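Raw start15.csv, CSV, C-alpha atoms:
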chain,number,residue,atom,x,y,z
A,1,MET,CA,-23.4,-7.4,5.0
A,2,VAL,CA,-24.9,-3.9,5.2
A,3,CYS,CA,-24.9,-1.7,8.3
A,4,SER,CA,-27.6,0.9,9.0
A,5,VAL,CA,-25.4,3.8,10.0
A,6,PRO,CA,-22.0,3.7,8.3
A,7,THR,CA,-18.8,5.0,9.9
A,8,ALA,CA,-17.9,8.4,8.5
A,9,ILE,CA,-14.8,8.5,6.3
A,10,ALA,CA,-13.2,12.0,6.2
A,11,VAL,CA,-10.3,13.5,4.3
A,12,THR,CA,-8.4,16.7,4.9
A,13,SER,CA,-8.7,18.2,1.4
A,14,PRO,CA,-11.5,18.5,-1.1
A,15,GLY,CA,-9.3,17.0,-3.8
A,16,LEU,CA,-9.0,13.8,-1.8
A,17,ALA,CA,-12.8,13.3,-1.9
A,18,LEU,CA,-13.3,11.2,-5.1
A,19,PRO,CA,-16.9,10.9,-6.5
A,20,PRO,CA,-18.7,7.7,-5.4
A,21,LEU,CA,-18.4,4.7,-7.6
A,22,ASP,CA,-22.1,4.0,-7.2
A,23,ARG,CA,-25.2,5.1,-5.4
A,24,GLY,CA,-24.4,2.8,-2.5
A,25,THR,CA,-21.1,4.4,-1.7
A,26,PRO,CA,-21.3,7.2,0.9
A,27,PRO,CA,-19.7,10.5,0.0
A,28,ALA,CA,-16.4,11.5,1.7
A,29,VAL,CA,-16.5,14.2,4.3
A,30,VAL,CA,-13.9,17.0,4.3
A,31,GLN,CA,-12.5,17.9,7.7
A,32,PRO,CA,-11.5,20.1,9.3
A,33,GLY,CA,-13.5,23.3,8.7
A,34,PRO,CA,-12.0,26.7,7.9
A,35,THR,CA,-11.8,27.7,11.6
A,36,LEU,CA,-11.3,25.8,14.8
A,37,GLU,CA,-14.8,26.6,16.0
A,38,GLN,CA,-16.4,25.3,12.8
A,39,SER,CA,-14.2,22.2,13.0
A,40,VAL,CA,-15.3,21.4,16.5
A,41,VAL,CA,-19.0,21.8,15.6
A,42,ALA,CA,-18.7,19.7,12.4
A,43,LEU,CA,-16.7,16.9,14.0
A,44,HIS,CA,-19.1,16.7,16.9
A,45,THR,CA,-22.0,16.5,14.5
A,46,LEU,CA,-20.3,13.7,12.6
A,47,VAL,CA,-19.7,11.7,15.8
A,48,GLU,CA,-23.4,12.2,16.8
A,49,GLN,CA,-24.7,11.1,13.4
A,50,HIS,CA,-22.3,8.2,12.6
A,51,GLY,CA,-21.0,7.1,15.9
A,52,TYR,CA,-17.4,7.0,14.7
A,53,VAL,CA,-15.2,9.0,12.3
A,54,ILE,CA,-12.1,7.8,10.5
A,55,ALA,CA,-10.1,10.7,9.1
A,56,LEU,CA,-7.3,10.0,6.6
A,57,HIS,CA,-4.5,12.5,6.0
A,58,PRO,CA,-1.0,12.4,4.4
A,59,ALA,CA,1.7,11.1,6.6
A,60,ALA,CA,4.0,13.8,7.9
A,61,SER,CA,7.3,14.2,6.1
A,62,GLY,CA,10.5,15.5,7.8
A,63,SER,CA,11.1,17.9,4.9
A,64,THR,CA,7.7,19.7,5.1
A,65,ARG,CA,6.1,21.8,7.8
A,66,PRO,CA,3.2,20.3,9.8
A,67,ASP,CA,-0.1,20.4,7.9
A,68,PRO,CA,-2.3,23.1,9.5
A,69,ALA,CA,-5.4,21.1,8.6
A,70,VAL,CA,-4.2,18.1,10.5
A,71,GLN,CA,-3.2,20.2,13.5
A,72,ARG,CA,-6.6,21.8,13.6
A,73,LEU,CA,-8.3,18.4,13.3
A,74,ARG,CA,-6.2,17.1,16.2
A,75,THR,CA,-7.1,20.1,18.3
A,76,ALA,CA,-10.8,19.7,17.6
A,77,ARG,CA,-10.6,16.1,18.7
A,78,SER,CA,-8.8,17.0,21.9
A,79,MET,CA,-11.4,19.7,22.7
A,80,LEU,CA,-14.2,17.2,22.2
A,81,GLU,CA,-12.4,14.7,24.4
A,82,THR,CA,-13.7,11.9,22.3
A,83,ASP,CA,-12.2,8.5,21.6
A,84,ARG,CA,-14.4,7.9,18.6
A,85,VAL,CA,-12.3,9.8,16.0
A,86,ALA,CA,-9.4,8.0,14.4
A,87,LEU,CA,-6.7,10.2,12.7
A,88,LEU,CA,-4.7,8.0,10.3
A,89,GLY,CA,-1.6,9.3,8.6
A,90,VAL,CA,-1.2,7.4,5.4
A,91,ASP,CA,2.2,7.1,3.6
A,92,LEU,CA,0.7,7.4,0.1
A,93,PRO,CA,0.7,10.1,-2.5
A,94,PRO,CA,-2.4,12.3,-2.6
A,95,LEU,CA,-4.2,10.4,-5.4
A,96,GLY,CA,-3.4,7.0,-3.7
A,97,LEU,CA,-4.7,8.3,-0.5
A,98,ALA,CA,-7.9,9.5,-2.2
A,99,LEU,CA,-8.3,6.0,-3.7
A,100,LEU,CA,-7.8,4.4,-0.3
A,101,ALA,CA,-10.5,6.7,1.2
A,102,GLN,CA,-12.8,5.6,-1.6
A,103,GLN,CA,-12.3,2.0,-0.8
A,104,LEU,CA,-13.0,2.6,2.9
A,105,ARG,CA,-16.2,4.4,1.9
A,106,GLN,CA,-17.2,1.3,-0.1
A,107,LEU,CA,-16.6,-0.9,3.0
A,108,SER,CA,-18.2,1.5,5.5
A,109,VAL,CA,-21.7,0.2,4.4
A,110,CYS,CA,-20.7,-3.4,5.1
A,111,ASP,CA,-20.9,-5.1,8.5
A,112,PHE,CA,-17.4,-4.2,9.7
A,113,SER,CA,-17.0,-2.6,13.1
A,114,PRO,CA,-15.3,0.9,13.2
A,115,GLY,CA,-12.2,-0.7,14.7
A,116,VAL,CA,-11.8,-3.2,11.9
A,117,LEU,CA,-12.5,-0.5,9.3
A,118,ALA,CA,-9.9,1.8,10.7
A,119,CYS,CA,-7.3,-1.0,10.7
A,120,ALA,CA,-8.3,-1.9,7.1
A,121,ALA,CA,-6.7,1.3,6.0
A,122,ARG,CA,-3.2,-0.1,6.7
A,123,LEU,CA,-4.1,-3.4,5.1
A,124,LEU,CA,-5.5,-2.0,1.8
A,125,ALA,CA,-2.7,0.6,1.5
A,126,HIS,CA,-0.4,-2.4,0.7
A,127,TYR,CA,-2.5,-3.1,-2.4
A,128,VAL,CA,-2.4,0.5,-3.8
A,129,TYR,CA,0.0,1.2,-6.7
A,130,ALA,CA,0.5,4.9,-6.7
A,131,GLY,CA,2.9,7.0,-8.7
A,132,ALA,CA,3.3,9.8,-11.2
A,133,LEU,CA,4.8,10.7,-14.6
A,134,LEU,CA,7.2,13.6,-13.9
A,135,GLY,CA,9.2,15.9,-16.2
A,136,SER,CA,11.6,16.6,-13.4
A,137,VAL,CA,12.7,14.9,-10.1
A,138,ALA,CA,14.9,17.9,-9.0
A,139,ARG,CA,12.5,18.7,-6.1
A,140,LEU,CA,11.3,15.2,-5.3
A,141,ASP,CA,12.3,14.7,-1.7
A,142,ARG,CA,9.7,12.1,-0.6
A,143,LEU,CA,11.5,9.3,-2.4
A,144,PRO,CA,15.1,8.3,-2.9
A,145,VAL,CA,16.5,9.9,-6.1
A,146,THR,CA,20.0,9.2,-7.5
A,147,LEU,CA,22.3,12.0,-8.6
A,148,THR,CA,22.1,10.5,-12.1
A,149,ALA,CA,18.3,11.0,-12.2
A,150,HIS,CA,18.7,14.5,-10.9
A,151,ALA,CA,21.2,15.3,-13.7
A,152,LYS,CA,18.9,13.8,-16.3
A,153,SER,CA,16.1,16.0,-15.1
A,154,TRP,CA,17.8,18.9,-16.8
A,155,VAL,CA,17.7,17.2,-20.2
A,156,PRO,CA,15.0,18.7,-22.4
A,157,GLY,CA,12.1,16.3,-22.9
A,158,ALA,CA,13.1,13.9,-20.2
A,159,GLN,CA,10.3,12.0,-18.4
A,160,PHE,CA,10.4,9.8,-15.4
A,161,ALA,CA,7.9,7.3,-14.2
A,162,VAL,CA,7.9,7.1,-10.4
A,163,LEU,CA,6.2,4.5,-8.3
A,164,ALA,CA,5.9,5.6,-4.6
A,165,ALA,CA,3.9,2.6,-3.3
A,166,PRO,CA,3.9,-0.2,-2.5
A,167,ARG,CA,7.6,-0.1,-3.2
A,168,PRO,CA,9.5,2.9,-4.5
A,169,ARG,CA,10.8,2.8,-8.0
A,170,LEU,CA,12.0,5.4,-10.5
A,171,VAL,CA,12.6,4.7,-14.2
A,172,ARG,CA,13.3,6.7,-17.3
A,173,VAL,CA,10.3,6.5,-19.7
A,174,GLY,CA,11.2,4.6,-22.8
A,175,GLN,CA,14.1,2.8,-21.2
A,176,GLU,CA,12.6,0.7,-18.4
A,177,ASP,CA,9.2,-0.7,-17.4
A,178,LEU,CA,7.4,0.3,-14.2
A,179,PRO,CA,6.4,-2.8,-12.2
A,180,GLY,CA,2.7,-3.1,-11.7
A,181,PRO,CA,0.1,-5.1,-9.8
A,182,GLU,CA,-0.5,-8.8,-10.4
A,183,PHE,CA,-4.2,-8.6,-9.7
A,184,GLY,CA,-7.1,-6.8,-11.2
A,185,THR,CA,-7.2,-3.1,-10.6
A,186,ARG,CA,-8.9,0.1,-11.7
A,187,LEU,CA,-6.7,3.0,-12.7
A,188,LEU,CA,-7.2,6.6,-11.7
A,189,VAL,CA,-5.4,9.3,-13.7
A,190,ALA,CA,-5.1,13.0,-12.7
A,191,ALA,CA,-3.3,15.2,-15.2
A,192,GLY,CA,-1.5,18.4,-14.3
A,193,GLN,CA,0.6,20.4,-16.8
A,194,PRO,CA,1.6,19.6,-19.5
A,195,PRO,CA,-0.9,16.8,-20.3
A,196,SER,CA,0.5,13.4,-21.5
A,197,ASP,CA,-1.2,10.2,-22.6
A,198,TRP,CA,1.6,7.9,-21.6
A,199,VAL,CA,-0.3,6.7,-18.5
A,200,THR,CA,-3.4,5.7,-20.5
A,201,THR,CA,-1.8,4.5,-23.7
A,202,THR,CA,1.3,2.7,-22.3
A,203,LEU,CA,1.1,2.1,-18.6
A,204,ALA,CA,-2.6,1.0,-18.4
A,205,PRO,CA,-2.2,-1.7,-21.0
A,206,ALA,CA,1.0,-2.9,-19.4
A,207,TRP,CA,-0.7,-3.2,-16.1
A,208,ARG,CA,-3.8,-4.8,-17.6
A,209,VAL,CA,-6.1,-2.6,-15.7
A,210,GLN,CA,-9.8,-3.3,-15.7
A,211,GLY,CA,-10.8,0.3,-16.3
A,212,VAL,CA,-9.5,3.8,-16.4
A,213,ALA,CA,-11.1,6.9,-14.8
A,214,THR,CA,-9.9,10.5,-15.1
A,215,VAL,CA,-10.2,12.7,-12.0
A,216,PRO,CA,-9.0,16.2,-11.1
A,217,LEU,CA,-5.5,16.5,-9.7
A,218,PRO,CA,-5.6,16.8,-5.9
A,219,GLU,CA,-4.5,20.1,-4.5
A,220,PRO,CA,-1.6,18.6,-2.4
A,221,SER,CA,-0.1,16.7,-5.4
A,222,GLY,CA,2.2,19.5,-6.5
A,223,ILE,CA,3.7,19.8,-3.1
A,224,TRP,CA,4.0,16.1,-2.6
A,225,TRP,CA,5.7,15.5,-5.9
A,226,GLY,CA,7.7,18.7,-6.0
A,227,THR,CA,6.3,19.9,-9.3
A,228,THR,CA,2.9,20.6,-11.0
A,229,ARG,CA,4.2,19.3,-14.3
A,230,LEU,CA,3.0,15.8,-13.7
A,231,VAL,CA,0.4,13.1,-14.4
A,232,GLU,CA,-0.5,11.3,-11.2
A,233,PHE,CA,-1.9,7.8,-11.2
A,234,ALA,CA,-3.2,5.2,-8.7
A,235,ALA,CA,-4.4,1.7,-9.2
A,236,GLY,CA,-6.3,-0.4,-6.7
A,237,LEU,CA,-9.0,-2.9,-6.0
A,238,HIS,CA,-12.4,-1.5,-6.9
A,239,ASP,CA,-14.9,-4.5,-6.5
A,240,VAL,CA,-16.5,-4.2,-3.1
A,241,SER,CA,-16.9,-8.0,-2.8
A,242,VAL,CA,-13.2,-8.5,-3.3
A,243,LEU,CA,-12.4,-5.7,-0.8
A,244,TYR,CA,-14.8,-7.3,1.7
A,245,GLN,CA,-13.3,-10.8,1.3
A,246,LEU,CA,-9.8,-9.4,1.8
A,247,VAL,CA,-10.6,-7.6,5.0
A,248,SER,CA,-12.9,-10.3,6.4
A,249,SER,CA,-10.2,-13.0,5.9
A,250,VAL,CA,-7.9,-11.4,8.5
A,251,ARG,CA,-8.3,-12.6,12.1
A,252,ARG,CA,-10.0,-10.2,14.4
A,253,GLU,CA,-8.9,-9.4,18.0
A,254,LEU,CA,-10.0,-7.0,20.7
A,255,CYS,CA,-7.9,-4.0,21.6
A,256,ARG,CA,-6.6,-4.5,25.1
A,257,TRP,CA,-6.8,-0.7,25.7
A,258,CYS,CA,-10.1,0.6,24.2
A,259,GLY,CA,-11.9,-2.7,23.6
A,260,LEU,CA,-12.6,-2.1,19.9
A,261,GLU,CA,-12.1,-4.8,17.3
A,262,LEU,CA,-8.9,-4.7,15.3
A,263,ILE,CA,-7.0,-6.6,12.6
A,264,GLY,CA,-3.3,-6.5,12.3
A,265,ASP,CA,-1.0,-5.5,15.1
A,266,ARG,CA,-2.3,-2.1,16.1
A,267,CYS,CA,-5.6,-0.5,17.0
A,268,GLY,CA,-6.7,2.1,14.5
A,269,PHE,CA,-8.3,4.4,17.1
A,270,CYS,CA,-6.1,4.4,20.2
A,271,ALA,CA,-2.9,3.1,18.4
A,272,ALA,CA,-2.3,0.5,21.1
A,273,PRO,CA,-0.3,-2.6,20.0
A,274,LEU,CA,-2.1,-5.9,19.8
A,275,THR,CA,-0.1,-7.4,22.6
A,276,ALA,CA,1.7,-5.8,25.6
A,277,PRO,CA,5.4,-5.6,25.3
A,278,PRO,CA,7.2,-8.5,27.0
A,279,PRO,CA,8.2,-7.8,30.6
A,280,GLN,CA,11.8,-6.8,31.0
A,281,PRO,CA,13.9,-9.1,33.2
A,282,PRO,CA,14.9,-7.4,36.5
A,283,PRO,CA,18.5,-6.0,36.5
A,284,PRO,CA,21.0,-8.3,38.0
A,285,GLN,CA,21.7,-7.5,41.6
A,286,LEU,CA,25.1,-7.3,43.0
A,287,ALA,CA,26.0,-9.8,45.8
A,288,PRO,CA,26.4,-8.2,49.2
A,289,ALA,CA,29.9,-7.0,49.9
A,290,ARG,CA,29.8,-9.0,53.2
A,291,ALA,CA,29.5,-12.3,51.3
A,292,HIS,CA,32.5,-11.4,49.2
A,293,ALA,CA,34.5,-10.5,52.2
A,294,GLY,CA,33.7,-13.9,53.9
A,295,ALA,CA,34.8,-15.7,50.8
A,296,VAL,CA,38.3,-14.3,50.9
A,297,ARG,CA,40.7,-16.7,52.5
A,298,ALA,CA,43.9,-15.7,54.3
A,299,LEU,CA,47.2,-16.7,52.7
A,300,PRO,CA,49.5,-19.2,54.5
A,301,PRO,CA,52.4,-17.6,56.4
A,302,GLY,CA,55.3,-16.8,54.1
A,303,MET,CA,53.2,-16.4,50.9
A,304,THR,CA,52.4,-13.1,49.2

Let me see the file written as structure tokens.
Amino acid sequence: MVCSVPTAIAVTSPGLALPPLDRGTPPAVVQPGPTLEQSVVALHTLVEQHGYVIALHPAASGSTRPDPAVQRLRTARSMLETDRVALLGVDLPPLGLALLAQQLRQLSVCDFSPGVLACAARLLAHYVYAGALLGSVARLDRLPVTLTAHAKSWVPGAQFAVLAAPRPRLVRVGQEDLPGPEFGTRLLVAAGQPPSDWVTTTLAPAWRVQGVATVPLPEPSGIWWGTTRLVEFAAGLHDVSVLYQLVSSVRRELCRWCGLELIGDRCGFCAAPLTAPPPQPPPPQLAPARAHAGAVRALPPGMT
């Protein structure tokens, strides 16, 4: 179940690199470097040492400018002309993405091939419950927010519990409950300003989590949520044996383009779909005009 040289798991910000759960979990690598030259050298070293690199980054949003770190990482991969680096945009808030990276780091020491490990990111993301406690949703543009919620943001003392994944949900604290996972999870909590214990004293018991850990607030969280007055949280599977069973239960295929193993419907490295698109039927051809002309029959004399 254990591999000798684990696939490297990289993140684009130091705040997304959570501490290892145990001594057997490899540390996360932060990529890219401060400059393009340093990024190329560091990425080349990772590929030489680990064989493959899986880099997770926040999925692009139409309301934000492209992330310079992601652009630099893409450029470094292009300059190396390597197909052993997977860049995976994940549609999760920062703390949820950090949790996902931690799960992949746990699985990287198992006997999964790099292709399966890259595809596992999409699978495991469906089991991450990520959200935040916000004092205002006035600048929250990543999720749908009603005009009523915007108006209530101006009420002094108002607090909103927002779930971004796996399904968006926004509730007013004290009036509605936030739906949680129906399986055992570990809860990560990262507090901004001002601090609040609602997540640990109310949400954690309601979700029946199996443990709570406090971590620093990731740097991108303020931009993602539109405010630094928040408490971000993320709950997910933490037992490596459960994670292993979940991923290994999915049927494996070979990518028709790059040849790597994959699970799901798309390769994590080259992004090729599992099956080729069905062939399009040829467009209908018009019958020759001569045939139509021959089919026209002359009218009898006297008829028009």

Q.
List as a ChimeraX atom specification the protein and nucleic acid residues near A:Ser249, meaning an atom at most 10 Å away when all atoms listed in the file are counted, but skip any in the same chain fewer than 4 places from it.
A. /A:244-245,263

Dump as an mmCIF file, in the frame of the given file, selection limited to C-alpha atoms:
data_model
loop_
_atom_site.group_PDB
_atom_site.id
_atom_site.type_symbol
_atom_site.label_atom_id
_atom_site.label_comp_id
_atom_site.auth_asym_id
_atom_site.auth_seq_id
_atom_site.Cartn_x
_atom_site.Cartn_y
_atom_site.Cartn_z
ATOM 1 C CA TYR A 244 -14.800 -7.300 1.700
ATOM 2 C CA GLN A 245 -13.300 -10.800 1.300
ATOM 3 C CA ILE A 263 -7.000 -6.600 12.600
#

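The shell of residues at most 8 Å from A:Ala120, with all atoms listed in the file counted and near chain neighbours (fewer than 3 positions) removed, consists of Leu104, Val116, Leu117, Leu123, Leu124, Val247 and Ile263 of chain A.
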
For stretch 202-218 of chain A, find every residue with an atom within 7 Å (counting all atoms listed in the file), except residues of its own chain fewer than 4 positions away, and show them as a PDB file with C-alpha atoms, keeping the file's coordinate frame.
ATOM      1  CA  GLY A  15      -9.300  17.000  -3.800  1.00  0.00           C
ATOM      2  CA  LEU A  16      -9.000  13.800  -1.800  1.00  0.00           C
ATOM      3  CA  PRO A  94      -2.400  12.300  -2.600  1.00  0.00           C
ATOM      4  CA  LEU A  95      -4.200  10.400  -5.400  1.00  0.00           C
ATOM      5  CA  GLY A 180       2.700  -3.100 -11.700  1.00  0.00           C
ATOM      6  CA  PRO A 181       0.100  -5.100  -9.800  1.00  0.00           C
ATOM      7  CA  GLY A 184      -7.100  -6.800 -11.200  1.00  0.00           C
ATOM      8  CA  THR A 185      -7.200  -3.100 -10.600  1.00  0.00           C
ATOM      9  CA  ARG A 186      -8.900   0.100 -11.700  1.00  0.00           C
ATOM     10  CA  LEU A 187      -6.700   3.000 -12.700  1.00  0.00           C
ATOM     11  CA  LEU A 188      -7.200   6.600 -11.700  1.00  0.00           C
ATOM     12  CA  VAL A 189      -5.400   9.300 -13.700  1.00  0.00           C
ATOM     13  CA  ALA A 190      -5.100  13.000 -12.700  1.00  0.00           C
ATOM     14  CA  ALA A 191      -3.300  15.200 -15.200  1.00  0.00           C
ATOM     15  CA  GLY A 192      -1.500  18.400 -14.300  1.00  0.00           C
ATOM     16  CA  TRP A 198       1.600   7.900 -21.600  1.00  0.00           C
TER      17      TRP A 198
END

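Nearest-residue note for A:Leu260: choosing from A:Gly236, A:Gly174, A:Pro114, A:Gly226, the minimum distance belongs to A:Pro114, counting only C-alpha atoms.
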
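Omitting A:Pro34 and its sequence neighbours fewer than 6 positions away, and counting all atoms listed in the file, the residues within 12 Å are Thr12, Ser13, Val40, Val41, Ala42, Pro68, Ala69, Val70, Arg72 and Leu73 of chain A.
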
Could you save those same residues with C-alpha atoms as a PDB file, in the coordinates of the input?
ATOM      1  CA  THR A  12      -8.400  16.700   4.900  1.00  0.00           C
ATOM      2  CA  SER A  13      -8.700  18.200   1.400  1.00  0.00           C
ATOM      3  CA  VAL A  40     -15.300  21.400  16.500  1.00  0.00           C
ATOM      4  CA  VAL A  41     -19.000  21.800  15.600  1.00  0.00           C
ATOM      5  CA  ALA A  42     -18.700  19.700  12.400  1.00  0.00           C
ATOM      6  CA  PRO A  68      -2.300  23.100   9.500  1.00  0.00           C
ATOM      7  CA  ALA A  69      -5.400  21.100   8.600  1.00  0.00           C
ATOM      8  CA  VAL A  70      -4.200  18.100  10.500  1.00  0.00           C
ATOM      9  CA  ARG A  72      -6.600  21.800  13.600  1.00  0.00           C
ATOM     10  CA  LEU A  73      -8.300  18.400  13.300  1.00  0.00           C
TER      11      LEU A  73
END

Q | Point-to-point distance in Å for atom CA of A:Leu43 and atom CA of A:Gly96 | A | 24.3 Å

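Of the residues under consideration (A:Pro195, A:Gly115, A:Pro220, A:Pro168), A:Gly115 shows the shortest atom-to-atom contact distance to A:Gly264 when counting only C-alpha atoms.
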
Q. Could you tell me, as an NGL selection string, which residues have any atom at most 6 Å from (-21.4, 6.1, 10.8), counting only C-alpha atoms?
A. :A and (5-8 or 50-52)

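If only C-alpha atoms are the atoms counted, then among A:Arg74, A:Arg252, A:Arg139, A:His126 the closest residue to A:Phe112 is A:Arg252.
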
Q: Compile the contact shell of A:Thr275 as number ranges by chain: residues with an atom at most 9 Å away, counting all atoms listed in the file, same-chain residues fewer than 3 positions apart removed.
A: A: 255-256, 265-266, 272, 278

Restricted to C-alpha atoms, what would the selected residues look like written as a PDB file, keeping the file's coordinate frame?
ATOM      1  CA  CYS A 255      -7.900  -4.000  21.600  1.00  0.00           C
ATOM      2  CA  ARG A 256      -6.600  -4.500  25.100  1.00  0.00           C
ATOM      3  CA  ASP A 265      -1.000  -5.500  15.100  1.00  0.00           C
ATOM      4  CA  ARG A 266      -2.300  -2.100  16.100  1.00  0.00           C
ATOM      5  CA  ALA A 272      -2.300   0.500  21.100  1.00  0.00           C
ATOM      6  CA  PRO A 278       7.200  -8.500  27.000  1.00  0.00           C
TER       7      PRO A 278
END

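Closest approach to A:Gln71 among A:Ala118, A:Leu143, A:Val47, A:Leu87 is made by A:Leu87 (distances from only C-alpha atoms).
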
**Q.** Counting only C-alpha atoms, the option among A:Asp22, A:Asp177, A:Glu232, A:Glu261 closest to A:Gln106
**A.** A:Asp22

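Distance-wise, atom CA of A:Leu134 and atom CA of A:Ser221 end up 11.6 Å apart.
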
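Among the candidates A:Ser241, A:Gln102, A:Gln175, A:Ser196, the one nearest to A:Ile9 when counting only C-alpha atoms is A:Gln102.
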
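Residues having any atom no farther than 6 Å from (-5.9, 8.9, 9.8) (counting all atoms listed in the file) are A:Ala55, A:Leu56, A:His57, A:Ala86, A:Leu87, A:Leu88, A:Gly89.
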
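You will find atom CA of A:Thr228 at 13.7 Å from atom CA of A:Pro93.
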